[in-house]
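As stored in my_file.cif (mmCIF, C-alpha atoms):
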data_protein
loop_
_atom_site.group_PDB
_atom_site.id
_atom_site.type_symbol
_atom_site.label_atom_id
_atom_site.label_comp_id
_atom_site.auth_asym_id
_atom_site.auth_seq_id
_atom_site.Cartn_x
_atom_site.Cartn_y
_atom_site.Cartn_z
ATOM 1 C CA MET G 14 10.149 -17.211 0.900
ATOM 2 C CA LYS G 15 9.311 -13.788 2.280
ATOM 3 C CA MET G 16 10.912 -13.461 5.705
ATOM 4 C CA PRO G 17 9.390 -11.346 8.481
ATOM 5 C CA ASN G 18 10.581 -7.734 8.667
ATOM 6 C CA PRO G 19 14.186 -8.137 9.881
ATOM 7 C CA THR G 20 14.257 -4.937 11.933
ATOM 8 C CA LYS G 21 10.899 -5.144 13.695
ATOM 9 C CA ASP G 22 10.650 -8.950 13.961
ATOM 10 C CA GLU G 23 14.281 -10.025 14.252
ATOM 11 C CA PRO G 24 13.594 -12.692 16.906
ATOM 12 C CA ILE G 25 10.866 -14.187 14.674
ATOM 13 C CA ALA G 26 13.100 -14.112 11.590
ATOM 14 C CA ALA G 27 15.959 -15.791 13.489
ATOM 15 C CA LYS G 28 13.680 -18.516 14.879
ATOM 16 C CA LEU G 29 12.136 -19.058 11.449
ATOM 17 C CA ARG G 30 15.621 -19.527 9.949
ATOM 18 C CA ARG G 31 16.432 -22.109 12.636
ATOM 19 C CA ALA G 32 13.148 -23.937 11.968
ATOM 20 C CA LEU G 33 13.798 -23.990 8.226
ATOM 21 C CA ASN G 34 17.200 -25.579 8.899
ATOM 22 C CA THR G 35 15.797 -28.270 11.224
ATOM 23 C CA SER G 36 14.776 -31.737 10.044
ATOM 24 C CA PHE G 37 11.433 -32.763 11.534
ATOM 25 C CA GLY G 38 11.464 -36.280 10.092
ATOM 26 C CA ARG G 39 8.833 -35.622 7.442
ATOM 27 C CA PRO G 40 7.791 -32.805 5.108
ATOM 28 C CA VAL G 41 6.504 -29.678 6.840
ATOM 29 C CA THR G 42 3.264 -28.183 5.516
ATOM 30 C CA ALA G 43 4.048 -24.700 6.854
ATOM 31 C CA TYR G 44 5.693 -22.706 9.616
ATOM 32 C CA LEU G 45 3.465 -20.577 11.853
ATOM 33 C CA SER G 46 4.217 -17.429 13.801
ATOM 34 C CA ASP G 47 1.898 -15.528 16.151
ATOM 35 C CA CYS G 48 0.086 -18.830 16.726
ATOM 36 C CA TYR G 49 -2.876 -19.412 19.046
ATOM 37 C CA PHE G 50 -5.608 -22.032 19.323
ATOM 38 C CA LEU G 51 -9.363 -21.804 19.081
ATOM 39 C CA ALA G 52 -11.936 -24.602 18.808
ATOM 40 C CA GLY G 53 -9.221 -27.218 18.314
ATOM 41 C CA CYS G 54 -7.533 -25.434 15.378
ATOM 42 C CA GLY G 55 -4.291 -23.499 15.119
ATOM 43 C CA LEU G 56 -4.407 -19.918 13.855
ATOM 44 C CA GLY G 57 -1.313 -18.014 12.834
ATOM 45 C CA ILE G 58 0.756 -16.316 10.175
ATOM 46 C CA THR G 59 2.086 -18.768 7.612
ATOM 47 C CA TYR G 60 5.530 -19.022 6.027
ATOM 48 C CA GLY G 61 6.772 -21.571 3.508
ATOM 49 C CA HIS G 62 3.369 -23.220 3.011
ATOM 50 C CA ALA G 63 3.605 -26.280 0.753
ATOM 51 C CA ARG G 64 0.304 -25.401 -0.953
ATOM 52 C CA LYS G 65 1.136 -21.761 -1.731
ATOM 53 C CA ASP G 66 -0.088 -20.926 -5.237
ATOM 54 C CA MET G 67 0.197 -18.182 -7.872
ATOM 55 C CA HIS G 68 -3.140 -16.676 -6.769
ATOM 56 C CA GLY G 69 -1.778 -15.797 -3.334
ATOM 57 C CA ARG G 70 -3.438 -18.591 -1.357
ATOM 58 C CA PHE G 71 -1.282 -19.579 1.626
ATOM 59 C CA ALA G 72 1.235 -16.834 0.760
ATOM 60 C CA ASP G 73 3.956 -15.922 3.242
ATOM 61 C CA GLY G 74 2.704 -13.477 5.844
ATOM 62 C CA HIS G 75 -0.991 -14.403 5.485
ATOM 63 C CA ARG G 76 -3.139 -15.587 8.384
ATOM 64 C CA ILE G 77 -4.439 -19.157 8.194
ATOM 65 C CA ARG G 78 -6.485 -21.631 10.239
ATOM 66 C CA THR G 79 -5.343 -25.247 10.333
ATOM 67 C CA SER G 80 -7.707 -28.189 10.327
ATOM 68 C CA GLN G 81 -8.369 -29.860 13.708
ATOM 69 C CA VAL G 82 -5.184 -30.496 15.676
ATOM 70 C CA VAL G 83 -5.031 -34.187 16.623
ATOM 71 C CA GLU G 84 -1.562 -34.156 18.194
ATOM 72 C CA ALA G 85 0.851 -31.519 19.448
ATOM 73 C CA HIS G 86 4.283 -32.087 20.941
ATOM 74 C CA ARG G 87 7.583 -30.314 21.590
ATOM 75 C CA TYR G 88 10.500 -30.842 19.247
ATOM 76 C CA GLY G 89 13.447 -28.931 20.658
ATOM 77 C CA GLU G 90 12.477 -25.262 20.793
ATOM 78 C CA PHE G 91 9.462 -25.760 18.503
ATOM 79 C CA TRP G 92 5.980 -27.201 18.804
ATOM 80 C CA LEU G 93 4.776 -29.566 16.083
ATOM 81 C CA LEU G 94 1.093 -29.763 15.190
ATOM 82 C CA HIS G 95 -0.319 -32.813 13.428
ATOM 83 C CA THR G 96 -3.764 -32.124 11.971
ATOM 84 C CA TYR G 97 -6.802 -34.141 10.976
ATOM 85 C CA SER G 98 -6.016 -33.535 7.290
ATOM 86 C CA GLY G 99 -2.509 -35.013 7.702
ATOM 87 C CA SER G 100 -0.583 -31.738 7.715
ATOM 88 C CA LEU G 101 2.438 -30.985 9.870
ATOM 89 C CA TYR G 102 2.817 -27.405 11.093
ATOM 90 C CA VAL G 103 5.815 -26.057 12.993
ATOM 91 C CA VAL G 104 4.989 -23.348 15.531
ATOM 92 C CA VAL G 105 7.834 -20.838 15.399
ATOM 93 C CA THR G 106 6.270 -18.304 17.797
ATOM 94 C CA PHE G 107 3.075 -17.998 19.799
ATOM 95 C CA ARG G 108 0.844 -14.952 19.973
ATOM 96 C CA GLU G 109 2.236 -12.729 22.704
ATOM 97 C CA GLU G 110 -0.976 -12.588 24.717
ATOM 98 C CA GLY G 111 -2.397 -16.020 25.465
ATOM 99 C CA GLY G 112 -0.931 -18.023 22.596
ATOM 100 C CA LEU G 113 0.937 -20.657 24.594
ATOM 101 C CA GLU G 114 -1.820 -20.733 27.210
ATOM 102 C CA SER G 115 -4.385 -21.478 24.476
ATOM 103 C CA LEU G 116 -2.269 -24.484 23.425
ATOM 104 C CA TYR G 117 -2.198 -25.790 27.007
ATOM 105 C CA THR G 118 -5.966 -25.312 27.295
ATOM 106 C CA MET G 119 -6.560 -27.243 24.065
ATOM 107 C CA LEU G 120 -4.237 -30.067 25.177
ATOM 108 C CA THR G 121 -5.962 -30.290 28.573
ATOM 109 C CA ILE G 122 -9.355 -30.558 26.888
ATOM 110 C CA LEU G 123 -8.071 -33.300 24.563
ATOM 111 C CA LEU G 124 -6.458 -35.203 27.449
ATOM 112 C CA ASN G 125 -9.783 -35.159 29.306
ATOM 113 C CA GLY G 126 -11.382 -36.966 26.381
ATOM 114 C CA ILE G 127 -13.394 -34.046 25.064
ATOM 115 C CA HIS G 128 -13.060 -33.805 21.303
ATOM 116 C CA SER G 129 -14.228 -31.191 18.860
ATOM 117 C CA ALA G 130 -16.888 -32.114 16.357
ATOM 118 C CA PRO G 131 -15.483 -33.895 13.301
ATOM 119 C CA PRO G 132 -14.824 -31.652 10.311
ATOM 120 C CA SER G 133 -17.434 -33.562 8.304
ATOM 121 C CA LEU G 134 -20.491 -35.519 9.377
ATOM 122 C CA HIS G 135 -20.934 -37.495 6.142
#

Spell out the structure here as structure tokens.
Amino acid sequence: MKMPNPTKDEPIAAKLRRALNTSFGRPVTAYLSDCYFLAGCGLGITYGHARKDMHGRFADGHRIRTSQVVEAHRYGEFWLLHTYSGSLYVVVTFREEGGLESLYTMLTILLNGIHSAPPSLH
């Protein structure tokens, strides 16, 4: 796995190492840094994605968008995201400007019973 630049992003690299050494009770789909939320989905930089392939899809350091987040909760120092497609993402860091706030906004919307459109209408 390609780790973040150890000089520029040392706090991210250290947190990512801790996340990789933590058991979350089930397989992790990927670890996300620089995460924020938009329209019910998580967006971030992926590391250790289970579906990474030889063509570069889901490669370490690439930006991704998760499917709809259906549950989010704290697990120690990390946030876990459970998605509509059944994936489990571990949020290692949030985007500096507004990342954590975007999570709280999404959770408030979900708690008020407002749900995003389903990913498929058929």

Translate the PyMOL selection byres ((chain G and resi 29) around 9), as applied to the file shown, into an explicit residue set as an mmCIF file with C-alpha atoms, in the frame of the given file.
data_model
loop_
_atom_site.group_PDB
_atom_site.id
_atom_site.type_symbol
_atom_site.label_atom_id
_atom_site.label_comp_id
_atom_site.auth_asym_id
_atom_site.auth_seq_id
_atom_site.Cartn_x
_atom_site.Cartn_y
_atom_site.Cartn_z
ATOM 1 C CA MET G 16 10.912 -13.461 5.705
ATOM 2 C CA PRO G 17 9.390 -11.346 8.481
ATOM 3 C CA PRO G 24 13.594 -12.692 16.906
ATOM 4 C CA ILE G 25 10.866 -14.187 14.674
ATOM 5 C CA ALA G 26 13.100 -14.112 11.590
ATOM 6 C CA ALA G 27 15.959 -15.791 13.489
ATOM 7 C CA LYS G 28 13.680 -18.516 14.879
ATOM 8 C CA ARG G 30 15.621 -19.527 9.949
ATOM 9 C CA ARG G 31 16.432 -22.109 12.636
ATOM 10 C CA ALA G 32 13.148 -23.937 11.968
ATOM 11 C CA LEU G 33 13.798 -23.990 8.226
ATOM 12 C CA ASN G 34 17.200 -25.579 8.899
ATOM 13 C CA TYR G 44 5.693 -22.706 9.616
ATOM 14 C CA LEU G 45 3.465 -20.577 11.853
ATOM 15 C CA SER G 46 4.217 -17.429 13.801
ATOM 16 C CA TYR G 60 5.530 -19.022 6.027
ATOM 17 C CA VAL G 105 7.834 -20.838 15.399
ATOM 18 C CA THR G 106 6.270 -18.304 17.797
#

- Any chance you could resolve the PyMOL selection byres ((chain G and resi 104) around 12) against this file and give the residues as an MDAnalysis selection string? chainID G and resid 25 28:29 31:33 41:50 55:60 79 85:95 101:103 105:108 112:113 116

Could those residues be written to a file, using C-alpha atoms, as a compact mmCIF listing (two decimals), keeping the file's coordinate frame?
# COMPACT_ATOMS: atom_id res chain seq x y z
CA ILE G 25 10.87 -14.19 14.67
CA LYS G 28 13.68 -18.52 14.88
CA LEU G 29 12.14 -19.06 11.45
CA ARG G 31 16.43 -22.11 12.64
CA ALA G 32 13.15 -23.94 11.97
CA LEU G 33 13.80 -23.99 8.23
CA VAL G 41 6.50 -29.68 6.84
CA THR G 42 3.26 -28.18 5.52
CA ALA G 43 4.05 -24.70 6.85
CA TYR G 44 5.69 -22.71 9.62
CA LEU G 45 3.46 -20.58 11.85
CA SER G 46 4.22 -17.43 13.80
CA ASP G 47 1.90 -15.53 16.15
CA CYS G 48 0.09 -18.83 16.73
CA TYR G 49 -2.88 -19.41 19.05
CA PHE G 50 -5.61 -22.03 19.32
CA GLY G 55 -4.29 -23.50 15.12
CA LEU G 56 -4.41 -19.92 13.86
CA GLY G 57 -1.31 -18.01 12.83
CA ILE G 58 0.76 -16.32 10.18
CA THR G 59 2.09 -18.77 7.61
CA TYR G 60 5.53 -19.02 6.03
CA THR G 79 -5.34 -25.25 10.33
CA ALA G 85 0.85 -31.52 19.45
CA HIS G 86 4.28 -32.09 20.94
CA ARG G 87 7.58 -30.31 21.59
CA TYR G 88 10.50 -30.84 19.25
CA GLY G 89 13.45 -28.93 20.66
CA GLU G 90 12.48 -25.26 20.79
CA PHE G 91 9.46 -25.76 18.50
CA TRP G 92 5.98 -27.20 18.80
CA LEU G 93 4.78 -29.57 16.08
CA LEU G 94 1.09 -29.76 15.19
CA HIS G 95 -0.32 -32.81 13.43
CA LEU G 101 2.44 -30.98 9.87
CA TYR G 102 2.82 -27.40 11.09
CA VAL G 103 5.82 -26.06 12.99
CA VAL G 105 7.83 -20.84 15.40
CA THR G 106 6.27 -18.30 17.80
CA PHE G 107 3.08 -18.00 19.80
CA ARG G 108 0.84 -14.95 19.97
CA GLY G 112 -0.93 -18.02 22.60
CA LEU G 113 0.94 -20.66 24.59
CA LEU G 116 -2.27 -24.48 23.42

- Quick one: distance from atom CA of Lys65 of chain G to atom CA of Gln81 of chain G in Å, one decimal?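 Taking atom CA of Lys65 of chain G and atom CA of Gln81 of chain G, their separation equals 19.9 Å.
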
- Separation of atom CA of Thr96 of chain G from atom CA of Tyr117 of chain G, in Å and rounded to one decimal: 16.4 Å

- Message: For a test of reading the model, state the distance in Å between atom CA of Ile122 of chain G and atom CA of Gly53 of chain G, rounded to one decimal.
- Response: 9.2 Å

- Task: Please determine the residues with any atom at most 7 Å from (3.4, -14.7, 2.1) (coordinates as given in the file, with all atoms listed in the file counting) and report them as number ranges by chain.
- Result: G: 15, 59-60, 71-75

- Identify, on the basis of all atoms listed in the file, every residue whose closest approach to Tyr97 of chain G does not exceed 7 Å; exclude the query and any residue fewer than 4 positions from it along the same chain; express the result as a list in words. Ser80, Gln81, Val82 and Val83 of chain G

Give me segment 35-46 of chain G with all heavy atoms filled in, as a PDB file, in the coordinates of the input.
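Result went into part_36.pdb, see below:
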ATOM      1  N   THR G  35      15.970 -27.119  10.348  1.00  0.00           N
ATOM      2  CA  THR G  35      15.797 -28.270  11.224  1.00  0.00           C
ATOM      3  C   THR G  35      15.050 -29.360  10.474  1.00  0.00           C
ATOM      4  O   THR G  35      14.076 -29.085   9.775  1.00  0.00           O
ATOM      5  CB  THR G  35      14.994 -27.864  12.483  1.00  0.00           C
ATOM      6  OG1 THR G  35      15.700 -26.830  13.174  1.00  0.00           O
ATOM      7  CG2 THR G  35      14.783 -29.044  13.418  1.00  0.00           C
ATOM      8  N   SER G  36      15.486 -30.600  10.630  1.00  0.00           N
ATOM      9  CA  SER G  36      14.776 -31.737  10.044  1.00  0.00           C
ATOM     10  C   SER G  36      13.751 -32.232  11.061  1.00  0.00           C
ATOM     11  O   SER G  36      14.103 -32.534  12.207  1.00  0.00           O
ATOM     12  CB  SER G  36      15.744 -32.860   9.703  1.00  0.00           C
ATOM     13  OG  SER G  36      15.018 -34.002   9.301  1.00  0.00           O
ATOM     14  N   PHE G  37      12.498 -32.312  10.648  1.00  0.00           N
ATOM     15  CA  PHE G  37      11.433 -32.763  11.534  1.00  0.00           C
ATOM     16  C   PHE G  37      10.985 -34.189  11.207  1.00  0.00           C
ATOM     17  O   PHE G  37       9.963 -34.654  11.688  1.00  0.00           O
ATOM     18  CB  PHE G  37      10.251 -31.787  11.475  1.00  0.00           C
ATOM     19  CG  PHE G  37      10.616 -30.430  12.019  1.00  0.00           C
ATOM     20  CD1 PHE G  37      10.898 -29.383  11.159  1.00  0.00           C
ATOM     21  CD2 PHE G  37      10.714 -30.218  13.375  1.00  0.00           C
ATOM     22  CE1 PHE G  37      11.259 -28.135  11.655  1.00  0.00           C
ATOM     23  CE2 PHE G  37      11.080 -28.978  13.892  1.00  0.00           C
ATOM     24  CZ  PHE G  37      11.347 -27.937  13.018  1.00  0.00           C
ATOM     25  N   GLY G  38      11.737 -34.878  10.372  1.00  0.00           N
ATOM     26  CA  GLY G  38      11.464 -36.280  10.092  1.00  0.00           C
ATOM     27  C   GLY G  38      10.439 -36.540   9.000  1.00  0.00           C
ATOM     28  O   GLY G  38      10.235 -37.672   8.603  1.00  0.00           O
ATOM     29  N   ARG G  39       9.786 -35.512   8.551  1.00  0.00           N
ATOM     30  CA  ARG G  39       8.833 -35.622   7.442  1.00  0.00           C
ATOM     31  C   ARG G  39       8.600 -34.229   6.884  1.00  0.00           C
ATOM     32  O   ARG G  39       8.959 -33.237   7.523  1.00  0.00           O
ATOM     33  CB  ARG G  39       7.525 -36.284   7.880  1.00  0.00           C
ATOM     34  CG  ARG G  39       6.732 -35.519   8.918  1.00  0.00           C
ATOM     35  CD  ARG G  39       5.397 -36.161   9.192  1.00  0.00           C
ATOM     36  NE  ARG G  39       4.382 -35.551   8.344  1.00  0.00           N
ATOM     37  CZ  ARG G  39       3.118 -35.401   8.694  1.00  0.00           C
ATOM     38  NH1 ARG G  39       2.699 -35.855   9.844  1.00  0.00           N
ATOM     39  NH2 ARG G  39       2.270 -34.817   7.893  1.00  0.00           N
ATOM     40  N   PRO G  40       7.999 -34.135   5.689  1.00  0.00           N
ATOM     41  CA  PRO G  40       7.791 -32.805   5.108  1.00  0.00           C
ATOM     42  C   PRO G  40       6.891 -31.915   5.978  1.00  0.00           C
ATOM     43  O   PRO G  40       5.894 -32.383   6.537  1.00  0.00           O
ATOM     44  CB  PRO G  40       7.110 -33.110   3.766  1.00  0.00           C
ATOM     45  CG  PRO G  40       7.477 -34.520   3.454  1.00  0.00           C
ATOM     46  CD  PRO G  40       7.597 -35.215   4.785  1.00  0.00           C
ATOM     47  N   VAL G  41       7.265 -30.663   6.071  1.00  0.00           N
ATOM     48  CA  VAL G  41       6.504 -29.678   6.840  1.00  0.00           C
ATOM     49  C   VAL G  41       5.522 -28.988   5.895  1.00  0.00           C
ATOM     50  O   VAL G  41       5.896 -28.567   4.803  1.00  0.00           O
ATOM     51  CB  VAL G  41       7.461 -28.638   7.479  1.00  0.00           C
ATOM     52  CG1 VAL G  41       6.693 -27.495   8.116  1.00  0.00           C
ATOM     53  CG2 VAL G  41       8.378 -29.323   8.487  1.00  0.00           C
ATOM     54  N   THR G  42       4.272 -28.873   6.322  1.00  0.00           N
ATOM     55  CA  THR G  42       3.264 -28.183   5.516  1.00  0.00           C
ATOM     56  C   THR G  42       3.506 -26.688   5.543  1.00  0.00           C
ATOM     57  O   THR G  42       3.444 -26.028   4.502  1.00  0.00           O
ATOM     58  CB  THR G  42       1.849 -28.509   6.028  1.00  0.00           C
ATOM     59  OG1 THR G  42       1.684 -29.931   6.012  1.00  0.00           O
ATOM     60  CG2 THR G  42       0.786 -27.847   5.184  1.00  0.00           C
ATOM     61  N   ALA G  43       3.779 -26.137   6.726  1.00  0.00           N
ATOM     62  CA  ALA G  43       4.048 -24.700   6.854  1.00  0.00           C
ATOM     63  C   ALA G  43       4.607 -24.407   8.239  1.00  0.00           C
ATOM     64  O   ALA G  43       4.505 -25.227   9.157  1.00  0.00           O
ATOM     65  CB  ALA G  43       2.785 -23.883   6.623  1.00  0.00           C
ATOM     66  N   TYR G  44       5.165 -23.223   8.354  1.00  0.00           N
ATOM     67  CA  TYR G  44       5.693 -22.706   9.616  1.00  0.00           C
ATOM     68  C   TYR G  44       4.761 -21.583  10.055  1.00  0.00           C
ATOM     69  O   TYR G  44       4.361 -20.754   9.233  1.00  0.00           O
ATOM     70  CB  TYR G  44       7.120 -22.193   9.414  1.00  0.00           C
ATOM     71  CG  TYR G  44       8.034 -23.284   8.905  1.00  0.00           C
ATOM     72  CD1 TYR G  44       8.113 -23.564   7.542  1.00  0.00           C
ATOM     73  CD2 TYR G  44       8.782 -24.046   9.783  1.00  0.00           C
ATOM     74  CE1 TYR G  44       8.933 -24.578   7.068  1.00  0.00           C
ATOM     75  CE2 TYR G  44       9.610 -25.064   9.316  1.00  0.00           C
ATOM     76  CZ  TYR G  44       9.671 -25.331   7.964  1.00  0.00           C
ATOM     77  OH  TYR G  44      10.476 -26.338   7.499  1.00  0.00           O
ATOM     78  N   LEU G  45       4.419 -21.557  11.348  1.00  0.00           N
ATOM     79  CA  LEU G  45       3.465 -20.577  11.853  1.00  0.00           C
ATOM     80  C   LEU G  45       4.110 -19.666  12.880  1.00  0.00           C
ATOM     81  O   LEU G  45       4.803 -20.123  13.790  1.00  0.00           O
ATOM     82  CB  LEU G  45       2.261 -21.269  12.503  1.00  0.00           C
ATOM     83  CG  LEU G  45       1.443 -22.204  11.624  1.00  0.00           C
ATOM     84  CD1 LEU G  45       0.351 -22.878  12.450  1.00  0.00           C
ATOM     85  CD2 LEU G  45       0.853 -21.463  10.446  1.00  0.00           C
ATOM     86  N   SER G  46       3.836 -18.380  12.760  1.00  0.00           N
ATOM     87  CA  SER G  46       4.217 -17.429  13.801  1.00  0.00           C
ATOM     88  C   SER G  46       2.936 -16.826  14.357  1.00  0.00           C
ATOM     89  O   SER G  46       1.869 -16.961  13.764  1.00  0.00           O
ATOM     90  CB  SER G  46       5.140 -16.338  13.244  1.00  0.00           C
ATOM     91  OG  SER G  46       4.447 -15.495  12.347  1.00  0.00           O
TER      92      SER G  46
END
